[in-house]
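Engineer: Before I ask anything, here is the structure I am working with.
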Amino acid sequence: MVDELPKGLAGYLIEVSLSDGNVGEIVSASYPSWATLTNTTGTPGDTIRLSAVDLNKRIENGSRNTQLATIKVRGDAAGSTRINVNVRKMDADGGDAINAGTNSGELTVQAQVTPTPTPTPTPTPTPTSNPASTHTSNPTSTPYPSPSPTSTVIPTSTVEPSEEASPSPPPVEPTETASPTQIQSQGPLYLVVVMLAILAVIIATGVYWIKKK
């Protein structure tokens with residue numbers, strides 16, 4: 001920008017540079033509508049040259065706050081650098097040189113703080129049983145030993161001898177009973193026969209019970 005041009009402007013040649021080329025770089029330049037025959041050299045770079053001519057006499061005497069050019073600067077690193085303006089040549093409409101003083105600008109580049117994403121812990125998926133795919137084992141019957149057939153002892157009725165009732169002896173064939181006359185006649189022989197018969201009954205009864213037990 002030019003603050004004041006008492007005699008108008010015919011044209012200019014200006015050099016723009018950055019004092020610290022590590023901080024940034026001039027990448028392009030553009031001109032206002034009044035400027036013709038514009039030319040830019042050195043872009044992109046730390047120092048460029050701008051030139052333009054007012055062929056249509058649009059910048060007249062006494063013009064104020066006249067825009068000469070617009071530059072675009074890219075920040076490369078955090079820091080600051082001066083933007084120096086050096087007027088190589090500037091002429092008024094009548095051809096007189098314009099002795100212009102300049103003010104340096106300043107470019108400040110701030111570091112872009114990129115927040116470090118805190119990794120979110122991924123929850124461990126808890127395995128859930130899928131009813132469709134869950135294998136349910138069929139219950140198996142626990143084998144129990146089959147009961148071995150046991151012989152059932154059918155109790156047999158055993159006739160226990162009773163103290164009160166004496167077992168009936170087997171039937172004894174009747175013996176001929178001698179007539180009283182014979183008893184009187186035979187005497188002791190009859191008693192022997194009776195005793196033998198009674199003894200035979202006793203022996204037969206004992207053998208019977210021995211076999212029974």
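Chain labels follow the order of the structure tokens: the first chain is A, the next B, and so on; residue numbering restarts at 1 in every chain, and ligands are counted from 1 in their shown order.
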Could you give me, as a list in words, the residues within 7 Å of Glu60 of chain A, counting only C-alpha atoms and dropping anything in the same chain fewer than 5 positions from it?
Structural biologist: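 Listed by chain and then number, they are Lys7, Gly8 and Leu9 of chain A.
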Engineer: Those selected residues, please, written with N, CA and C atoms and delivered as a JSON list (two decimals), in the first residue's frame.
Structural biologist:
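again.json, written as the output of this step:
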```json
[["chain", "number", "residue", "atom", "x", "y", "z"],
["A", 7, "LYS", "N", 1.67, 13.29, -6.77],
["A", 7, "LYS", "CA", 1.73, 13.52, -8.22],
["A", 7, "LYS", "C", 1.27, 12.29, -9.01],
["A", 8, "GLY", "N", 0.55, 11.48, -8.40],
["A", 8, "GLY", "CA", 0.06, 10.30, -9.11],
["A", 8, "GLY", "C", 1.15, 9.24, -9.20],
["A", 9, "LEU", "N", 0.87, 8.18, -9.98],
["A", 9, "LEU", "CA", 1.80, 7.05, -10.11],
["A", 9, "LEU", "C", 1.83, 6.61, -11.57]]
```
Engineer: Just checking: using only C-alpha atoms, which residue out of A:Pro115, A:Gly24, A:Gly45, A:Gly62 ends up closest to Asp3 of chain A?
Structural biologist: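 Going through A:Pro115, A:Gly24, A:Gly45, A:Gly62 one by one, the smallest distance to Asp3 of chain A is for A:Gly62.
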Engineer: Taking 4 positions as the minimum chain separation for residues in the same chain, which residues sit within 6 Å of segment 74-81 of chain A when counting only C-alpha atoms? Answer as a list in words.
Structural biologist: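 Result of the neighbour search: Ser19, Asp20, Val23, Gly24, Glu25, Glu106, Leu107, Thr108, Val109, Gln110 and Ala111 of chain A.
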Engineer: How would the residues just chosen look if you wrote them out with C-alpha atoms as a compact mmCIF listing (two decimals), in the first residue's frame?
Structural biologist:
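part.txt, freshly written:
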```
# COMPACT_ATOMS: atom_id res chain seq x y z
CA SER A 19 14.40 -12.28 6.58
CA ASP A 20 14.10 -15.96 7.67
CA VAL A 23 9.78 -19.82 8.70
CA GLY A 24 7.88 -19.32 5.45
CA GLU A 25 7.92 -18.72 1.73
CA GLU A 106 6.13 -9.39 10.18
CA LEU A 107 5.05 -12.99 9.67
CA THR A 108 4.42 -15.15 12.73
CA VAL A 109 3.88 -18.86 12.32
CA GLN A 110 2.47 -20.71 15.29
CA ALA A 111 3.02 -24.41 15.79
```
Engineer: Could you state the separation of atom CA of Pro32 of chain A and atom CA of Ala10 of chain A in Å, given to one decimal place?
Structural biologist: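 Here the two named atoms are 14.4 Å from each other.
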Engineer: What is the distance, in Å and to one decimal place, between atom CA of Leu5 of chain A and atom CA of Leu18 of chain A?
Structural biologist: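 Going from atom CA of Leu5 of chain A over to atom CA of Leu18 of chain A covers 26.4 Å.
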Engineer: Give the answer as one residue: which of A:Val207, A:Pro123, A:Asn56, A:Met1 has the shortest atom-to-atom distance to Ile14 of chain A, using only C-alpha atoms?
Structural biologist: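 Smallest distance to Ile14 of chain A is found for A:Met1.
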Engineer: Identify, on the basis of only C-alpha atoms, every residue whose closest approach to segment 48-52 of chain A does not exceed 6 Å; exclude the query and any residue fewer than 3 positions from it along the same chain; express the result as a tab-separated table (two decimals) with N, CA and C atoms, in the first residue's frame.
Structural biologist:
```tsv
chain	number	residue	atom	x	y	z
A	11	GLY	N	4.39	4.04	-12.42
A	11	GLY	CA	4.72	2.62	-12.34
A	11	GLY	C	5.73	2.37	-11.22
A	12	TYR	N	6.03	1.09	-10.96
A	12	TYR	CA	6.97	0.78	-9.87
A	12	TYR	C	7.65	-0.57	-10.12
A	13	LEU	N	8.76	-0.75	-9.37
A	13	LEU	CA	9.48	-2.02	-9.28
A	13	LEU	C	9.84	-2.20	-7.81
A	14	ILE	N	9.27	-3.20	-7.17
A	14	ILE	CA	9.42	-3.39	-5.72
A	14	ILE	C	9.92	-4.83	-5.47
A	15	GLU	N	10.81	-4.91	-4.50
A	15	GLU	CA	11.33	-6.21	-4.08
A	15	GLU	C	10.81	-6.53	-2.68
A	16	VAL	N	10.28	-7.72	-2.49
A	16	VAL	CA	9.74	-8.17	-1.20
A	16	VAL	C	10.50	-9.44	-0.80
A	35	ALA	N	-3.64	-1.93	-12.32
A	35	ALA	CA	-2.27	-2.26	-12.74
A	35	ALA	C	-2.29	-2.99	-14.08
A	36	THR	N	-1.39	-2.55	-14.98
A	36	THR	CA	-1.20	-3.21	-16.27
A	36	THR	C	0.28	-3.57	-16.41
A	37	LEU	N	0.53	-4.42	-17.41
A	37	LEU	CA	1.89	-4.88	-17.65
A	37	LEU	C	2.54	-5.42	-16.36
A	38	THR	N	1.78	-6.17	-15.61
A	38	THR	CA	2.29	-6.70	-14.33
A	38	THR	C	3.27	-7.83	-14.59
A	39	ASN	N	4.18	-7.99	-13.65
A	39	ASN	CA	5.18	-9.05	-13.76
A	39	ASN	C	5.64	-9.46	-12.36
A	40	THR	N	5.77	-10.75	-12.15
A	40	THR	CA	6.21	-11.29	-10.86
A	40	THR	C	7.33	-12.30	-11.14
A	41	THR	N	8.43	-12.17	-10.41
A	41	THR	CA	9.54	-13.12	-10.54
A	41	THR	C	9.95	-13.61	-9.15
A	42	GLY	N	10.46	-14.85	-9.13
A	42	GLY	CA	10.99	-15.40	-7.88
A	42	GLY	C	10.03	-16.25	-7.07
```
Engineer: Which is closer to Lys89 of chain A than all the others in A:Tyr190, A:Ser17, A:Val53, A:Pro117, using only C-alpha atoms?
Structural biologist: A:Val53
